Structure formats: C-alpha cells, structure tokens
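Enquirer: Shown below is the structure under consideration.
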Amino acid sequence: MHDVLVRTNEPPRLRLFQRLGELWQSREILANLASKELRVKYKSSALGVAWSMLNPLLYLVVFYVVFTYFIPARTPSFPVYLLSGLLPWTLFSTGMAGATTSIVGGANLVAKVAFPHEMLPLASIRAQLVNFFFQFLVLVAFLVIFGYPLIHRGVLLLPLALGVLLLFTAALGFAAAAWNVRYRDTGHLVELALLAWFWSTPIVYPTSFVSERLGETGFNLYLLNPMANIVMGFQRAIYGGVSDRTLAQLPAPGLTWYGLRLIALGLVSTALLYVTWRLFFRRSGDFAEEL
Amino acid sequence: MPQAAITVEGISKRFRLFHERPTSVKERLLRLRGSRAEDFWALRDVAFEVPEGNTWGLVGANGSGKTTLLKIIGGILRPTEGRVVTQGRIAALLELGAGFHPELTGRENVYLNASILGLSRHETDLYFDEIVAFAELEEFIDSQVKYYSSGMFVRLGFAVAVHVDPSILLIDEVLAVGDEAFQRKCLRRIREIQAEGRTIVFVTHAIQQVQAICDGAVMLDHGQIRAMGDVADVIKEYRLVMLRRHIGFARRDLTRAAEIAGVELLDGEGAVSSVVPPGGELTVQVDVRANRPVDDPVISMVIYDGDGQFVFRTGTAEMRLGRLEGKLRVGFEMSSLPLADGRYSLTVGIHDRSERVVHDWHDQRYVFDVAGGLMEETQIFIPVETRVERL
Ligand SMILES: Nc1ncnc2c1ncn2[C@@H]1O[C@H](COP(=O)(O)OP(=O)(O)O)[C@@H](O)[C@H]1O
Ligand SMILES: [Mg+2]
C-alpha cells in the first residue's frame with residue numbers, strides 16, 4: 001500500500017506511461033503555476049488580463065485604418081490575415097520564451113522541493129495559452145462586428161492546428177528549458193532564432209508572395225518550416241472563411257491539404273516531444289545541483 | 001521490529017566544482033579547452049535506517065552535509081553512490097515558503113505551495129482555515145506576501161508544510177526561525193505529527209530539541225557519520241567535537257575580504273574595561289570592515305582560559321547577516337559572566353558559514369581578567385545566594 005521509492009545514482013529514465021500518470025496526479029500544480037504566472041504579470045495593473053487583449057486590439061485597429069484608408073493592401077481583409085497568423089505565432093514565441101527560462105526562474109522551487117519539473121515549462125506554455133484565448137476573443141469580436149462568417153467547414157482545422165502547435169511548442173520548450181540550465185544565454189539565442197523564424201513564416205506577408213519569388217522548389221523548401229504549416233492551418237481556418245477573395249490568397253483551397261500537413265506535423269512533433277522530454281527528464285535529476 | 005521507513009545505504013555525494021566551465025553557449029564556442037573540475041565529496045558512505053514512526057535528529061557542524069543528505073533522501077539531489085529506499089509520501093521542508101511569490105496574496109501562495117508539496121485543492125480547502133489559524137495570519141491572508149514580515153512569511157510556510165500530511169517529513173534547520181512562542185507551537189505540532197505515527201528526520205543545532213523529541217540521532221562530520229543511534233551518545237560526541245573545532249581556524253589562509261577593524265571590551269556601563277567581577281557584565285564589541293562585498297559572513301568569538309583551554313564560543317551564524325558591504329559593529333553582550341577568577345583571552349574571527357573560508361582571525365589577541373571573587377580556585381563561577389533558616 002505504501003509507495004516504495006528507490007533512488008540510486010542512475011540518471012532518471014523516462015518511463016512514458018508511468019510518468020504520464022504521475023504528471024496527471026500532480027496536474028493541479030500545472031494549473032496553479034500557470035495562474036501564478038498570469039496573476040503575477042497582471043497583478044499590479046488595473047486592467048488585468050485585458051492587457052493581453054489590448055495588444056491584438058491595437059493591431060486590428062491600426063492595421064485596419066492603415067490598410068483600408070492609407071495604403072490599400074494587396075491582401076484583402078489584411079487585419080484578419082495578420083491576426084490569424086500572429087496569434088498562434090505569439091503563443092509559440094511567448095510560450096518558448098517562458099519555457100526556456102522556466103527552470104532557472106523556478107530555481108527556488110527546483111532546489112528546495114521535489115516535484116515534477118516538467119510542470120515549470122508546461123505551466124509557462126499554459127499561461128500563454130490562456131492569453132491566446134483572450135486574444136482570440138478579440139479576433140472573434142472583430143469578425144462578428146464586420147459581419148465576416150464565423151462558422152464554416154474550415155473551422156474544423158482549428159483544434160487540430162492548435163493541438164499541433166502546443167505539441168510542437170512543448171517539444172522545443174523542454175529542450176530549451178533543460179539547455180538553459182547549463183548555458184544561461186540560451187534565452188538570447190532563442191530570441192534571435194524566433195526573430196529569424198518569424199520572418200520565415202507567412203504572418204505579415206501572404207504565401208503567394210513566397211511562391212511567386214522562390215518558384216515551386218523554393219516554396220516546397222519553405223513549407224518544411226513547421227511553423228509555416230501551423231500558421232497556414234490557422235489562416236485557412238479563420239481568414240480562409242472570410243470570402244472567396246481571401247481564400248484565393250491561401251496556397252490551397254481544400255481542407256485536406258492543410259489537414260494532412262498538420263497530421264504529419266503532429267506525428268513528427270509527438271516523436272520530437274518524446275525525444276526532448278526524455279532528454280529533459282534525464283537532465284532533470286541534476287537541475288537542483290546546477291542551479 | 002518496525003519496518004524501516006528510510007533506508008540509506010552507502011550514500012556518497014560528489015559535487016563537481018567547475019572552475020572554468022562555460023556557462024553560456026558563447027563561452028562554449030569561444031573556448032575549445034575542456035573545463036577543469038574539482039571534486040568535492042559532501043557525503044561519504046553514509047548509511048543508516050530510520051524505523052517507521054521514529055523521529056531522528058540530524059546534527060553536525062555547518063557544511064557537514066546535513067542539507068545535502070536531506071535533499072538526497074527527499075529526491076531533490078541524486079546520490080553519486082549508494083541508494084536510498086523510502087516508504088510513503090515524503091515532504092521535505094528545506095526552506096519555509098520555498099516558492100512563495102511576493103506579488104501573490106497569502107491565500108494564493110497557500111494554494112500554490114500546498115499543491116507543489118502534494119496537497120490537492122480539495123484537501124487544501126479542508127485545511128485552509130486551520131493553516132491560517134496556525135500561522136496566526138487571519139487578518140493578513142489576503143494581503144500580498146511582500147508586505148509580510150519575515151516572521152509572518154515563515155509562519156505561513158511552516159503552517160502549510162505541516163498540514164501536507166506526508167508519511168515521511170524531512171525538516172531542515174527551519175525551526176531556528178520565528179519567535180520563541182511560535183517555535184514552541186511548531187514543536188507541539190511536530191509532537192502531534194509524531195503521535196500520528198509519521199517518520200521525521202530533522203536537522204537542528206538546538207541540542208535540547210533533539211533530546212526532547214528524538215528517538216535516535218545521526219551526527220555528520222565532514223560528510224561522514226561520526227556518531228549514530230542513541231540520542232545521548234550522539235549528543236555527547238557532538239558536544240565534544242564542537243568544542244574541539246575552533247583549533248583548526250588559525251591555520252587557515254586569510255582572505256582579508258573583510259577585516260577586524262577593532263575590538264573593545266566594555267563593562268556594564270559601556271566603559272572600556274578589561275577587569276570584570278565574577279558574574280559581571282561584559283560586552284565584546286567587534287568592528288568589521290569589508291574591503292570588498294562579502295556574502296553571508298559569520299563573526300565568531302571564542303574565549304580561552306589562562307591555560308589556553310577552550311571555554312566558550314559564540315557567533316552570528318544564526319543571524320544570517322547577508323551581504324556585507326562597508327562597516328559593521330557587532331556586540332556580544334554577556335550579561336552575566338559565569339567565569340572564575342583568572343585571566344582569559346579572546347579570539348575573534350570573520351569567516352563564511354562553512355568555516356572553510358576565513359576572512360580575518362585575531363587569535364587570542366585580547367585579554368581580560370576576572371577578579372574580585374572567590375578566594376579558592378574554581379572552574380567556573382556560579383552565582384549563589386546562600387540562605388539559612390533556623391528551624
Ligand atoms: N550544489 C552544490 N555545489 C557544490 N557544493 C555544494 C552544493 N551544495 C552544497 N555544497 C557543499 O557541500 C557541503 C555540505 O553542505 P550542506 O549539506 O549544505 O551542509 P549543512 O547543511 O550540514 O550545513 C558544503 O561545503 C557546501 O558548500
Ligand atoms: Mg544546511
């Protein structure tokens with residue numbers, strides 16, 4: 001009836017299902033750590049979580065005004081295009097940044113309390129997921145106000161794209177979090193990488209821009225970028241439903257093209273997550289010592 | 001024979017102190033040479049068993065490896081050699097309120113801390129009022145923790161921790177903090193936990209606590225077990241070793257990061273004086289100057305008798321001075337000196353907590369006399385009021 005624990009000098013080895021069970025048992029830590037992160041962030045502001053909504057709101061208004069009245073954009077309904085790519089990107093980049101510093105930032109806990117260390121990077125990602133939902137509400141409100149269609153078949157891609165995005169973020173987040181314990185400037189590298197990555201992802205420019213300039217082979221190479229596929233999934237799900245003109249901006253009209261890419265990427269991300277999680281878990285036995 | 005709740009088998013722990021290990025990718029790329037590592041064995045071949053339901057004390061000088069051992073038992077650190085087997089849920093209280101966030105309220109921190117220590121939300125709901133009452137923080141529970149005094153912080157940390165309901169409780173030197181009333185309350189609570197049949201291992205410098213509540217004890221000395229088992233035996237050995245320890249100091253190289261700028265001996269009126277009556281008042285006032293910032297220094301004072309025999313030692317270890325910059329004045333006020341007539345000398349030193357690094361050390365440089373007391377030669381002075389009643 002007692003849980004017997006044996007500890008030796010073996011580095012911990014990830015036993016997937018057992019570990020999943022343990023994480024499930026301590027799932028409340030995840031929620032609490034995530035809500036701590038949000039509370040701390042918004043505590044000293046009167047607006048609270050509304051802050052996170054202000055950002056996309058500002059983008060929407062500014063881009064709407066600029067691209068409707070001053071510089072008519074080549075891309076129709078550009079604000080919607082921008083936000084349907086920018087919101088998942090923001091989830092990815094802030095989730096990555098948070099996860100990277102999570103272990104070092106939680107040094108006080110890691111060095112003093114035994115608890116599943118996975119909770120720290122996962123909580124950072126979860127906190128950003130909450131932000132994402134609030135920001136998403138802004139986008140939905142915008143769609144409603146302008147009478148753009150909300151519910152259409154493309155929306156089916158949303159949960160898939162979001163799921164793959166979370167898997168992918170967690171996979172990279174585990175690696176970066178563990179790496180940052182040894183090399184404390186990992187955060188800067190991640191920041192730089194994210195900047196380059198942002199511009200390699202169709203968020204502020206349409207994919208047609210890339211295919212026109214790079215040709216078919218170039219475009220296929222471009223599509224190897226996992227984030228491009230995830231972002232395109234979101235764009236198909238939201239922006240693609242606005243009108244026929246917006247749909248024509250996207251690389252393919254059908255849902256299958258996106259769905260298959262996302263499923264393939266989901267499998268790859270799962271495999272990657274397994275690898276980085278194992279690495280993280282193995283290294284986690286020494287976190288307390290290295291902090 | 002009860003089952004062992006904790007079995008520690010041949011545990012050794014090596015810390016690698018990397019001198020030139022790159023701590024950033026940039027350094028790593030710029031330097032091709034490997035890093036030099038120096039091994040430091042914080043624990044060597046430590047083995048003991050704590051039977052289920054027992055309370056064991058863990059004693060030893062600072063730096064002897066007590067915290068490291070608790071961390072290994074609690075699964076926070078990995079042993080380098082050996083193995084630890086534990087039965088049942090473990091809670092390790094290495095630091096009260098570890099993970100408390102200053103921006104959050106007491107209430108929010110209780111829920112967060114409790115979940116990390118392994119309590120479910122539902123359980124925390126059940127214990128919440130009890131936790132708050134124990135910490136005596138009813139009025140402040142919804143204020144941000146950053147407005148708490150350190151005493152309040154520690155009380156809340158302890159209150160959460162003792163409600164976590166573990167079958168094995170590991171307690172580092174956390175009982176040393178807080179005021180006396182709260183310490184007594186904590187000890188009462190520990191007795192309750194004992195009575196519930198849980199296993200406790202706790203670290204303390206307060207020998208009375210070990211005597212009062214422990215079934216057994218372990219003494220560590222430089223990472224090795226020096227004495228183990230019967231409480232009285234371990235305490236005897238501990239006292240002996242603590243007495244002898246000061247001898248090694250003078251031989252160390254001094255860093256001079258902080259220096260003793262001056263030492264004054266003052267009597268009860270605050271006047272400079274080097275003659276004290278037995279039972280009189282004496283303050284040793286030490287002025288310290290940091291030549292560069294020093295982290296967590298400890299200022300110690302040792303008294304020797306005329307034959308150079310060790311008599312007494314005290315210091316600021318418990319006060320946790322933090323980072324020292326600039327000047328500092330420490331007064332060791334001895335309100336009643338129980339010394340017999342004779343000449344005594346004083347050693348004053350500044351060192352770090354582990355006592356491996358000594359910044360400055362004045363060995364038996366100061367002298368005072370105790371005079372005006374008894375005619376006979378005695379070992380100590382005991383203030384006696386002799387009362388005679390004719391019956
Ligand atoms: N992470 C670490 N890296 C290197 N040395 C360490 C580390 N943790 C503790 N030590 C060293 O191990 C020794 C034992 O420390 P500790 O277990 O904290 O002693 P105690 O609790 O008995 O005062 C000390 O000399 C300390 O400096
Ligand atoms: Mg310690």
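FYI, nothing fancy with the structure tokens labels: chains A, B, ... in order, residues from 1 per chain, ligands from 1 as they appear.
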Would you write out, as JSON lines, a table of all residues in chain B that have an atom no more than 8 Å from an atom of ligand 2, listing for each the closest atom pair and the distance in Å to one decimal, considering only C-alpha atoms and all ligand atoms and ordering rows by chain and rising residue number?
Expert:
```
{"residue": "B:Asn62", "atom": "CA", "partner": "ligand 2", "partner_atom_place_in_ligand_line": "1 (Mg)", "distance": 6.5}
{"residue": "B:Gly63", "atom": "CA", "partner": "ligand 2", "partner_atom_place_in_ligand_line": "1 (Mg)", "distance": 6.8}
{"residue": "B:Gly65", "atom": "CA", "partner": "ligand 2", "partner_atom_place_in_ligand_line": "1 (Mg)", "distance": 7.0}
{"residue": "B:Lys66", "atom": "CA", "partner": "ligand 2", "partner_atom_place_in_ligand_line": "1 (Mg)", "distance": 5.6}
{"residue": "B:Thr67", "atom": "CA", "partner": "ligand 2", "partner_atom_place_in_ligand_line": "1 (Mg)", "distance": 4.2}
{"residue": "B:Thr68", "atom": "CA", "partner": "ligand 2", "partner_atom_place_in_ligand_line": "1 (Mg)", "distance": 7.4}
{"residue": "B:Asp172", "atom": "CA", "partner": "ligand 2", "partner_atom_place_in_ligand_line": "1 (Mg)", "distance": 6.7}
{"residue": "B:Glu173", "atom": "CA", "partner": "ligand 2", "partner_atom_place_in_ligand_line": "1 (Mg)", "distance": 6.7}
{"residue": "B:Val203", "atom": "CA", "partner": "ligand 2", "partner_atom_place_in_ligand_line": "1 (Mg)", "distance": 7.9}
```
Enquirer: Could you tell me, counting only C-alpha atoms and all ligand atoms, which protein and nucleic acid residues lie no more than 10 Å from ligand 1, written as number ranges by chain?
Expert: A: 111, 286-291; B: 13-18, 38-43, 58-72, 77, 94, 172-173, 203-204, 219-223, 353-356
Enquirer: Kindly give the distance, in Å, that separates CA of Ile11 in chain B and CA of Asp352 in chain B, rounded to a single decimal.
Expert: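 So the answer is 26.4 Å.
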Enquirer: I'd like the neighbourhood of Asn32 in chain A as a ChimeraX atom specification, where a residue qualifies if any of its atoms comes within 12 Å (using only C-alpha atoms), though same-chain residues fewer than 5 positions away should be ignored.
Expert: /A:26-27,37-40,119-120,122-124,126-127 /B:99,104,108-116,119-121
Enquirer: Keeping only C-alpha atoms, write the selected residues to a file as a PDB file, in the first residue's frame.
Expert:
```pdb
ATOM      1  CA  SER A  26       0.043  16.498  -9.991  1.00  0.00           C
ATOM      2  CA  ARG A  27      -1.949  18.310 -12.638  1.00  0.00           C
ATOM      3  CA  GLU A  37       2.406  33.382 -13.769  1.00  0.00           C
ATOM      4  CA  LEU A  38      -0.649  35.225 -15.046  1.00  0.00           C
ATOM      5  CA  ARG A  39      -1.530  36.726 -11.688  1.00  0.00           C
ATOM      6  CA  VAL A  40       1.969  37.988 -11.115  1.00  0.00           C
ATOM      7  CA  MET A 119       5.400  21.398 -14.691  1.00  0.00           C
ATOM      8  CA  LEU A 120       7.521  24.517 -14.990  1.00  0.00           C
ATOM      9  CA  LEU A 122       4.395  23.338 -19.276  1.00  0.00           C
ATOM     10  CA  ALA A 123       2.932  25.950 -16.930  1.00  0.00           C
ATOM     11  CA  SER A 124       4.611  28.735 -18.892  1.00  0.00           C
ATOM     12  CA  ARG A 126      -0.292  27.012 -20.399  1.00  0.00           C
ATOM     13  CA  ALA A 127      -0.222  30.603 -19.148  1.00  0.00           C
TER      14      ALA A 127
ATOM     15  CA  GLY B  99       8.262  29.147  -3.943  1.00  0.00           C
ATOM     16  CA  LEU B 104       0.697  36.958  -4.603  1.00  0.00           C
ATOM     17  CA  GLU B 108      -2.880  32.388  -3.305  1.00  0.00           C
ATOM     18  CA  ASN B 109       0.505  31.316  -2.017  1.00  0.00           C
ATOM     19  CA  VAL B 110      -1.039  28.765   0.330  1.00  0.00           C
ATOM     20  CA  TYR B 111      -2.823  27.068  -2.552  1.00  0.00           C
ATOM     21  CA  LEU B 112       0.217  27.169  -4.801  1.00  0.00           C
ATOM     22  CA  ASN B 113       2.630  25.976  -2.131  1.00  0.00           C
ATOM     23  CA  ALA B 114       0.298  23.248  -0.928  1.00  0.00           C
ATOM     24  CA  SER B 115      -0.176  21.837  -4.406  1.00  0.00           C
ATOM     25  CA  ILE B 116       3.566  21.769  -5.011  1.00  0.00           C
ATOM     26  CA  LEU B 119      -1.842  18.530  -1.407  1.00  0.00           C
ATOM     27  CA  SER B 120      -4.894  18.526  -3.641  1.00  0.00           C
ATOM     28  CA  ARG B 121      -7.090  21.584  -3.965  1.00  0.00           C
TER      29      ARG B 121
END
```
Enquirer: Residues of chain A within 6 Å of chain B, counting only C-alpha atoms - could you list those as a PyMOL selection string?
Expert: chain A and resi 2-9+29+32+40+109+112+114+183-185
Enquirer: Please identify the strand (DSSP E or B) residues within range 167-332 of chain B (assignment by DSSP from backbone atoms) and present them as a PyMOL selection string.
Expert: chain B and resi 168-171+199-203+216-221+224-229+254+258-266+272+275-276+282-290+294-295+297-304+310-315+323-324+327-332
Enquirer: Would you return as an MDAnalysis selection string the members of range 218-270 of chain A that DSSP assigns to alpha helix (DSSP H) on this structure's backbone?
Expert: chainID A and resid 218:222 226:237 244:249 255:270
Enquirer: Find the residues near Asp295 in chain B: any atom within 7 Å, counting only C-alpha atoms, skip ones fewer than 5 places away on the same chain, and give them as a list in words.
Expert: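 Non-adjacent residues within range: Gly322, Arg323 and Leu324 of chain B.
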Enquirer: Which residues are close to range 343-350 of chain B, i.e. within 6 Å by only C-alpha atoms, leaving aside same-chain residues fewer than 3 positions away? Reply as JSON, numbers by chain.
Expert: {"B": [298, 299, 300, 301, 302, 303, 304, 305, 306, 359, 360, 361, 362, 363, 364, 366, 367, 368, 369]}
Enquirer: May I have the residues within 12 Å of Pro253 in chain A as a compact mmCIF listing (two decimals) with all heavy atoms, in the first residue's frame, using only C-alpha atoms and disregarding those fewer than 6 positions away in the same chain?
Expert:
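Generated output (part.txt):
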```
# COMPACT_ATOMS: atom_id res chain seq x y z
N ARG A 153 -16.77 25.27 -42.64
CA ARG A 153 -16.07 23.99 -42.51
C ARG A 153 -14.60 24.17 -42.10
O ARG A 153 -14.04 23.34 -41.40
CB ARG A 153 -16.17 23.22 -43.82
CG ARG A 153 -17.44 22.38 -43.88
CD ARG A 153 -17.47 21.54 -45.15
NE ARG A 153 -16.23 20.83 -45.41
CZ ARG A 153 -15.56 20.91 -46.57
NH1 ARG A 153 -16.02 21.63 -47.56
NH2 ARG A 153 -14.44 20.24 -46.74
N GLY A 154 -14.00 25.26 -42.55
CA GLY A 154 -12.59 25.49 -42.27
C GLY A 154 -12.27 25.48 -40.77
O GLY A 154 -11.17 25.11 -40.36
N MET A 232 -0.41 28.43 -41.38
CA MET A 232 -1.32 28.31 -42.54
C MET A 232 -2.60 27.60 -42.16
O MET A 232 -3.67 27.91 -42.67
CB MET A 232 -0.61 27.57 -43.69
CG MET A 232 0.44 28.44 -44.37
SD MET A 232 1.19 27.67 -45.82
CE MET A 232 1.44 26.01 -45.31
N GLY A 233 -2.48 26.64 -41.25
CA GLY A 233 -3.69 25.95 -40.77
C GLY A 233 -4.64 26.94 -40.11
O GLY A 233 -5.85 26.95 -40.39
N GLN A 235 -4.69 30.16 -40.61
CA GLN A 235 -5.16 31.12 -41.61
C GLN A 235 -6.29 30.52 -42.44
O GLN A 235 -7.29 31.18 -42.72
CB GLN A 235 -4.00 31.54 -42.50
CG GLN A 235 -3.04 32.48 -41.78
CD GLN A 235 -1.71 32.62 -42.47
OE1 GLN A 235 -1.34 31.77 -43.30
NE2 GLN A 235 -0.97 33.67 -42.13
N ARG A 236 -6.14 29.23 -42.78
CA ARG A 236 -7.20 28.59 -43.55
C ARG A 236 -8.48 28.55 -42.71
O ARG A 236 -9.58 28.76 -43.22
CB ARG A 236 -6.77 27.17 -43.95
CG ARG A 236 -7.83 26.36 -44.69
CD ARG A 236 -8.15 26.99 -46.04
NE ARG A 236 -9.32 26.37 -46.68
CZ ARG A 236 -10.59 26.68 -46.44
NH1 ARG A 236 -10.88 27.60 -45.53
NH2 ARG A 236 -11.58 26.07 -47.09
N ALA A 237 -8.31 28.28 -41.41
CA ALA A 237 -9.48 28.13 -40.53
C ALA A 237 -10.20 29.46 -40.30
O ALA A 237 -11.42 29.50 -40.22
CB ALA A 237 -9.05 27.54 -39.20
N TYR A 239 -9.08 33.07 -41.63
CA TYR A 239 -9.04 34.02 -42.75
C TYR A 239 -9.67 33.42 -44.01
O TYR A 239 -10.38 34.11 -44.76
CB TYR A 239 -7.58 34.40 -43.00
CG TYR A 239 -7.35 35.33 -44.15
CD1 TYR A 239 -7.75 36.67 -44.07
CD2 TYR A 239 -6.72 34.89 -45.31
CE1 TYR A 239 -7.52 37.54 -45.12
CE2 TYR A 239 -6.49 35.76 -46.36
CZ TYR A 239 -6.89 37.09 -46.26
OH TYR A 239 -6.66 37.94 -47.30
N GLY A 240 -9.45 32.13 -44.21
CA GLY A 240 -9.97 31.46 -45.41
C GLY A 240 -11.48 31.51 -45.51
O GLY A 240 -12.04 31.38 -46.60
N GLY A 241 -12.15 31.69 -44.39
CA GLY A 241 -13.61 31.66 -44.40
C GLY A 241 -14.23 33.02 -44.63
O GLY A 241 -15.44 33.14 -44.77
N SER A 243 -14.03 35.30 -47.21
CA SER A 243 -14.67 35.45 -48.52
C SER A 243 -13.91 34.63 -49.55
O SER A 243 -12.85 34.07 -49.26
CB SER A 243 -14.67 36.93 -48.92
OG SER A 243 -13.33 37.32 -49.17
N ASP A 244 -14.43 34.55 -50.76
CA ASP A 244 -13.72 33.83 -51.81
C ASP A 244 -12.40 34.51 -52.14
O ASP A 244 -11.42 33.86 -52.48
CB ASP A 244 -14.59 33.77 -53.08
CG ASP A 244 -15.77 32.84 -52.87
OD1 ASP A 244 -15.71 32.04 -51.90
OD2 ASP A 244 -16.75 32.92 -53.64
N ARG A 245 -12.41 35.82 -52.03
CA ARG A 245 -11.18 36.55 -52.35
C ARG A 245 -10.08 36.22 -51.34
O ARG A 245 -8.91 36.08 -51.71
CB ARG A 245 -11.44 38.05 -52.33
CG ARG A 245 -12.02 38.56 -53.64
CD ARG A 245 -12.11 40.09 -53.59
NE ARG A 245 -10.81 40.70 -53.53
CZ ARG A 245 -10.52 41.79 -52.78
NH1 ARG A 245 -11.44 42.31 -52.01
NH2 ARG A 245 -9.32 42.31 -52.80
N THR A 246 -10.45 36.10 -50.07
CA THR A 246 -9.41 35.78 -49.08
C THR A 246 -8.94 34.34 -49.26
O THR A 246 -7.74 34.06 -49.16
CB THR A 246 -9.93 35.96 -47.64
OG1 THR A 246 -11.02 35.07 -47.44
CG2 THR A 246 -10.37 37.37 -47.38
N LEU A 247 -9.87 33.47 -49.55
CA LEU A 247 -9.49 32.07 -49.74
C LEU A 247 -8.46 31.94 -50.85
O LEU A 247 -7.52 31.15 -50.77
CB LEU A 247 -10.75 31.24 -50.05
CG LEU A 247 -10.55 29.72 -50.07
CD1 LEU A 247 -9.96 29.23 -48.77
CD2 LEU A 247 -11.87 29.02 -50.35
N GLY A 259 -5.00 19.71 -43.58
CA GLY A 259 -5.21 18.66 -42.59
C GLY A 259 -4.09 17.63 -42.62
O GLY A 259 -3.53 17.27 -41.58
```
Enquirer: Set the distance at 9 Å and use only C-alpha atoms: which residues neighbour Val104 in chain A once local chain neighbours fewer than 2 positions away are removed? I'd like the list as a PyMOL selection string.
Expert: chain A and resi 100-102+106-108+110+177+180-181+184+287+291
Enquirer: Which one is closest to Gln249 in chain A: A:Thr75, A:Gln25, A:Thr276, A:Gln18? Count only C-alpha atoms.
Expert: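 With only C-alpha atoms as the atom set, the closest residue is A:Thr75.
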Enquirer: Quick one: pull the distance between CA of Glu281 in chain B and CA of Val388 in chain B, Å, one decimal.
Expert: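 It comes out at 27.8 Å.
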